[in-house]
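Enquirer: You'll find target.pdb just under this line, and it carries PDB, C-alpha atoms.
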```
ATOM      1  CA  MET A   1     103.641  96.144 118.096
ATOM      2  CA  ASP A   2     103.137  99.861 117.584
ATOM      3  CA  LYS A   3     104.143 101.427 114.336
ATOM      4  CA  VAL A   4     107.593 102.962 114.357
ATOM      5  CA  GLU A   5     106.261 106.503 113.805
ATOM      6  CA  ASN A   6     103.963 106.164 116.839
ATOM      7  CA  ILE A   7     106.869 105.090 119.030
ATOM      8  CA  TYR A   8     109.010 107.914 117.619
ATOM      9  CA  ASN A   9     106.309 110.542 118.248
ATOM     10  CA  TYR A  10     105.706 109.266 121.796
ATOM     11  CA  GLU A  11     109.413 109.180 122.652
ATOM     12  CA  ILE A  12     110.160 112.590 121.149
ATOM     13  CA  SER A  13     107.111 114.116 122.868
ATOM     14  CA  ASN A  14     108.464 112.808 126.182
ATOM     15  CA  LEU A  15     111.925 114.129 125.336
ATOM     16  CA  LEU A  16     110.447 117.578 124.705
ATOM     17  CA  LYS A  17     108.285 117.759 127.841
ATOM     18  CA  GLY A  18     108.524 121.251 129.241
ATOM     19  CA  VAL A  19     109.611 122.774 125.936
ATOM     20  CA  LYS A  20     107.211 125.520 124.827
ATOM     21  CA  ASN A  21     107.559 124.877 121.118
ATOM     22  CA  LYS A  22     106.886 121.184 120.605
ATOM     23  CA  ASN A  23     107.429 121.253 116.869
ATOM     24  CA  ILE A  24     108.374 117.586 116.471
ATOM     25  CA  PRO A  25     110.395 116.879 113.305
ATOM     26  CA  ALA A  26     108.063 115.094 110.906
ATOM     27  CA  VAL A  27     108.516 111.499 109.862
ATOM     28  CA  ASN A  28     108.627 110.620 106.184
ATOM     29  CA  PRO A  29     105.635 108.266 105.727
ATOM     30  CA  ILE A  30     107.315 106.305 102.928
ATOM     31  CA  ILE A  31     110.313 105.561 105.129
ATOM     32  CA  ALA A  32     108.030 104.752 108.056
ATOM     33  CA  ASP A  33     106.101 102.251 105.920
ATOM     34  CA  VAL A  34     109.312 100.519 104.866
ATOM     35  CA  LEU A  35     110.476 100.335 108.481
ATOM     36  CA  ASN A  36     107.122  98.969 109.615
ATOM     37  CA  ASP A  37     107.326  96.206 107.012
ATOM     38  CA  ILE A  38     110.796  94.885 107.830
ATOM     39  CA  ASN A  39     111.821  92.598 110.657
ATOM     40  CA  ILE A  40     114.808  94.200 112.367
ATOM     41  CA  ASP A  41     115.527  95.561 115.835
ATOM     42  CA  ILE A  42     113.154  98.404 116.797
ATOM     43  CA  HIS A  43     116.095 100.543 117.914
ATOM     44  CA  ALA A  44     117.613 100.372 114.427
ATOM     45  CA  LYS A  45     114.256 101.462 113.015
ATOM     46  CA  LEU A  46     113.957 104.330 115.491
ATOM     47  CA  ALA A  47     117.545 105.388 114.843
ATOM     48  CA  THR A  48     116.866 105.531 111.107
ATOM     49  CA  ILE A  49     113.583 107.389 111.319
ATOM     50  CA  SER A  50     114.921 109.883 113.865
ATOM     51  CA  ILE A  51     118.120 110.798 112.013
ATOM     52  CA  ASP A  52     116.142 111.233 108.805
ATOM     53  CA  ALA A  53     113.607 113.494 110.547
ATOM     54  CA  SER A  54     116.298 115.409 112.434
ATOM     55  CA  MET A  55     118.471 116.097 109.395
ATOM     56  CA  ARG A  56     115.480 117.170 107.332
ATOM     57  CA  PHE A  57     114.324 119.421 110.185
ATOM     58  CA  LEU A  58     117.784 120.953 110.573
ATOM     59  CA  ASN A  59     117.982 121.606 106.820
ATOM     60  CA  ARG A  60     115.582 124.466 107.512
ATOM     61  CA  ILE A  61     118.275 126.457 109.363
ATOM     62  CA  GLY A  62     118.536 129.878 107.788
ATOM     63  CA  GLU A  63     114.863 130.106 106.876
ATOM     64  CA  ALA A  64     113.067 133.107 108.348
ATOM     65  CA  ASN A  65     110.635 131.130 110.507
ATOM     66  CA  VAL A  66     113.243 128.831 112.125
ATOM     67  CA  SER A  67     113.983 129.694 115.737
ATOM     68  CA  ASN A  68     116.910 128.796 117.965
ATOM     69  CA  GLN A  69     114.507 126.486 119.771
ATOM     70  CA  ASP A  70     113.815 124.664 116.479
ATOM     71  CA  ILE A  71     117.541 124.085 116.109
ATOM     72  CA  LEU A  72     117.708 122.755 119.669
ATOM     73  CA  ILE A  73     114.794 120.397 118.939
ATOM     74  CA  GLY A  74     116.560 119.119 115.815
ATOM     75  CA  ASP A  75     119.704 118.525 117.851
ATOM     76  CA  LEU A  76     117.742 116.686 120.562
ATOM     77  CA  VAL A  77     116.217 114.390 117.946
ATOM     78  CA  SER A  78     119.687 113.821 116.551
ATOM     79  CA  ALA A  79     120.838 112.863 120.066
ATOM     80  CA  TYR A  80     117.878 110.468 120.209
ATOM     81  CA  PHE A  81     119.262 108.846 117.049
ATOM     82  CA  TYR A  82     122.542 108.132 118.876
ATOM     83  CA  LYS A  83     120.651 106.750 121.870
ATOM     84  CA  CYS A  84     118.636 104.383 119.672
ATOM     85  CA  ALA A  85     121.632 103.366 117.592
ATOM     86  CA  THR A  86     123.515 102.559 120.795
ATOM     87  CA  LEU A  87     120.569 100.611 122.248
ATOM     88  CA  ASN A  88     120.648  98.566 119.049
ATOM     89  CA  LYS A  89     123.917  97.167 120.501
ATOM     90  CA  ASP A  90     125.597  97.046 117.117
ATOM     91  CA  LEU A  91     128.523  99.432 116.869
ATOM     92  CA  ILE A  92     129.058  98.621 113.199
ATOM     93  CA  PHE A  93     125.487  99.776 112.499
ATOM     94  CA  LEU A  94     126.178 102.987 114.437
ATOM     95  CA  ASP A  95     129.387 103.559 112.478
ATOM     96  CA  THR A  96     127.628 102.853 109.172
ATOM     97  CA  MET A  97     124.815 105.291 109.925
ATOM     98  CA  THR A  98     127.259 107.938 111.160
ATOM     99  CA  LYS A  99     129.127 107.645 107.866
ATOM    100  CA  ALA A 100     125.788 108.115 106.068
ATOM    101  CA  ILE A 101     125.325 111.392 107.966
ATOM    102  CA  SER A 102     128.743 112.578 106.768
ATOM    103  CA  LYS A 103     127.979 111.426 103.222
ATOM    104  CA  GLN A 104     124.653 113.283 103.220
ATOM    105  CA  ASN A 105     126.374 116.461 104.413
ATOM    106  CA  GLU A 106     129.008 116.110 101.678
ATOM    107  CA  LEU A 107     126.340 115.634  99.017
ATOM    108  CA  LYS A 108     124.400 118.674 100.253
ATOM    109  CA  GLN A 109     127.573 120.746 100.201
ATOM    110  CA  THR A 110     128.372 119.573  96.670
ATOM    111  CA  LEU A 111     124.899 120.604  95.524
ATOM    112  CA  ALA A 112     125.281 124.000  97.181
ATOM    113  CA  ASN A 113     128.763 124.585  95.747
ATOM    114  CA  GLU A 114     127.808 123.541  92.242
ATOM    115  CA  ASN A 115     124.423 125.266  92.465
ATOM    116  CA  MET A 116     122.851 122.116  91.072
ATOM    117  CA  THR A 117     119.387 122.402  92.584
ATOM    118  CA  LEU A 118     117.925 120.360  89.728
ATOM    119  CA  ASP A 119     120.294 117.387  90.001
ATOM    120  CA  SER A 120     117.623 114.813  90.822
ATOM    121  CA  THR A 121     120.136 111.963  91.160
ATOM    122  CA  LYS A 122     121.988 113.702  93.988
ATOM    123  CA  ILE A 123     118.754 114.900  95.574
ATOM    124  CA  LYS A 124     117.371 111.345  95.545
ATOM    125  CA  GLU A 125     120.549 110.113  97.218
ATOM    126  CA  ILE A 126     120.367 112.847  99.867
ATOM    127  CA  GLU A 127     116.686 112.284 100.626
ATOM    128  CA  SER A 128     116.937 108.491 100.871
ATOM    129  CA  ILE A 129     120.425 107.927 102.262
ATOM    130  CA  PHE A 130     119.429 106.733 105.728
ATOM    131  CA  ILE A 131     116.805 104.209 104.685
ATOM    132  CA  THR A 132     118.938 102.878 101.830
ATOM    133  CA  THR A 133     121.917 102.577 104.180
ATOM    134  CA  LEU A 134     119.765 100.545 106.570
ATOM    135  CA  ILE A 135     118.493  98.373 103.689
ATOM    136  CA  ASP A 136     122.059  97.704 102.554
ATOM    137  CA  TYR A 137     123.274  97.060 106.077
ATOM    138  CA  TYR A 138     120.595  94.467 106.821
ATOM    139  CA  GLU A 139     120.745  93.082 103.258
ATOM    140  CA  ILE A 140     117.025  93.587 102.718
ATOM    141  CA  ASN A 141     115.836  92.626  99.261
ATOM    142  CA  MET A 142     114.093  95.741  98.017
ATOM    143  CA  ASP A 143     114.026  97.930  94.921
ATOM    144  CA  LYS A 144     116.073 100.844  96.221
ATOM    145  CA  GLU A 145     115.777 102.839  93.006
ATOM    146  CA  GLN A 146     111.982 102.722  93.228
ATOM    147  CA  LEU A 147     112.205 103.712  96.872
ATOM    148  CA  LYS A 148     114.415 106.683  95.976
ATOM    149  CA  ASP A 149     111.941 107.693  93.264
ATOM    150  CA  ASP A 150     109.024 107.439  95.720
ATOM    151  CA  ILE A 151     110.781 109.561  98.347
ATOM    152  CA  TYR A 152     111.794 112.121  95.723
ATOM    153  CA  ALA A 153     108.215 112.302  94.412
ATOM    154  CA  TYR A 154     106.922 112.819  97.946
ATOM    155  CA  TYR A 155     109.033 115.969  98.407
ATOM    156  CA  TYR A 156     109.260 117.324  94.889
TER
END
```
What would the structure in this file look like if it were written as structure tokens?
Expert:
Amino acid sequence: MDKVENIYNYEISNLLKGVKNKNIPAVNPIIADVLNDINIDIHAKLATISIDASMRFLNRIGEANVSNQDILIGDLVSAYFYKCATLNKDLIFLDTMTKAISKQNELKQTLANENMTLDSTKIKEIESIFITTLIDYYEINMDKEQLKDDIYAYYY
């Protein structure tokens, strides 16, 4: 079977056919490796990798080099998340991941309001929320704290 990031890139490229700017939201390689190593439905994997990439991509809104088309691309990848989560045929998974989106937004807002850019605990939670939610949901035995540290180290 193809690696989850290859499937994601292929599917998103097809989704963006005809779009001038094909700036595909990047996949976190640490998260991709975890997803490649676990035995769960491919749609759950694609849902997780796409919402992580989309939310990270959309976090750039407000930066000088982010265009309206970039925002549209981020939204299309977010829509792809919902497609994959639905194809997973597990509405509880969809609900759980949707709650993780809300939780991530709340955490980001808390950081912004408290101007706590150096709060590594909250940043680790924000950066890893989708993969850790999936790990919890499928009861995968894994060191989540190490995973959070690895993801944090990748970005910071």
Enquirer: Using all atoms listed in the file, which of the listed residues (A:Ala47, A:Ala32, A:Ile101, A:Ala53) sits closest to A:Tyr80?
Expert: A:Ala47
Enquirer: Give the answer as one residue: which of A:Val19, A:Ile12, A:Leu147, A:Leu134 has the shortest atom-to-atom distance to A:Phe93, using only C-alpha atoms?
Expert: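 Nearest to A:Phe93: A:Leu134.
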Enquirer: Name all residues at most 12 Å from A:Ile40 (count all atoms listed in the file; drop same-chain ones fewer than 6 positions away) and give them as a PyMOL selection string.
Expert: chain A and resi 4+34+46-48+88+134-135+137-140
Enquirer: Could you check how far atom CA of A:Gly18 sits from atom CA of A:Ile51, in Å to one decimal?
Expert: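 According to the coordinates, atom CA of A:Gly18 and atom CA of A:Ile51 are separated by 22.3 Å.
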Enquirer: Take every atom of stretch 24-40 of chain A listed in the file, pad by 3 Å on each side, and give me the axis-aligned box centre and edge lengths in Å, one decimal, as JSON.
Expert:
```
{"center_x": 110.2, "center_y": 105.1, "center_z": 109.7, "size_x": 15.2, "size_y": 31.0, "size_z": 19.5}
```
Enquirer: What is the atom CA of A:Asp2 to atom CA of A:Arg60 distance in Å?
Expert: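 These atoms are spaced 29.4 Å apart.
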Enquirer: Could you tell me which residues the PyMOL selection byres ((chain A and resi 125) around 10) returns for this structure, as a PyMOL selection string?
Expert: chain A and resi 103-104+107-108+120-124+126-130+132+145+148-149+151-152
Enquirer: Keeping only C-alpha atoms, take the residues you just selected and write them out as a compact mmCIF listing (two decimals), in the frame of the given file.
Expert:
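Output contents, as saved in again_25.txt:
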```
# COMPACT_ATOMS: atom_id res chain seq x y z
CA LYS A 103 127.98 111.43 103.22
CA GLN A 104 124.65 113.28 103.22
CA LEU A 107 126.34 115.63 99.02
CA LYS A 108 124.40 118.67 100.25
CA SER A 120 117.62 114.81 90.82
CA THR A 121 120.14 111.96 91.16
CA LYS A 122 121.99 113.70 93.99
CA ILE A 123 118.75 114.90 95.57
CA LYS A 124 117.37 111.34 95.54
CA ILE A 126 120.37 112.85 99.87
CA GLU A 127 116.69 112.28 100.63
CA SER A 128 116.94 108.49 100.87
CA ILE A 129 120.42 107.93 102.26
CA PHE A 130 119.43 106.73 105.73
CA THR A 132 118.94 102.88 101.83
CA GLU A 145 115.78 102.84 93.01
CA LYS A 148 114.42 106.68 95.98
CA ASP A 149 111.94 107.69 93.26
CA ILE A 151 110.78 109.56 98.35
CA TYR A 152 111.79 112.12 95.72
```
Enquirer: Quick one: of A:Gln109, A:Lys144, A:Ile24, A:Glu63, who's nearest to A:Asp75, counting all atoms listed in the file?
Expert: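 Among the listed residues, the smallest separation from A:Asp75 belongs to A:Ile24.
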Enquirer: Taking the file above as input, evaluate the PyMOL selection byres ((chain A and resi 71-73) around 8) and report the hits as JSON, numbers by chain.
Expert: {"A": [16, 23, 24, 25, 58, 61, 66, 67, 68, 69, 70, 74, 75, 76, 77]}
Enquirer: Taking 2 positions as the minimum chain separation for residues in the same chain, which residues sit within 10 Å of A:Asn9 when counting only C-alpha atoms? Answer as a list in words.
Expert: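 My list of contacting residues is Val4, Glu5, Asn6, Ile7, Glu11, Ile12, Ser13, Asn14, Leu15, Ile24, Pro25, Ala26, Val27 and Ser50 of chain A.
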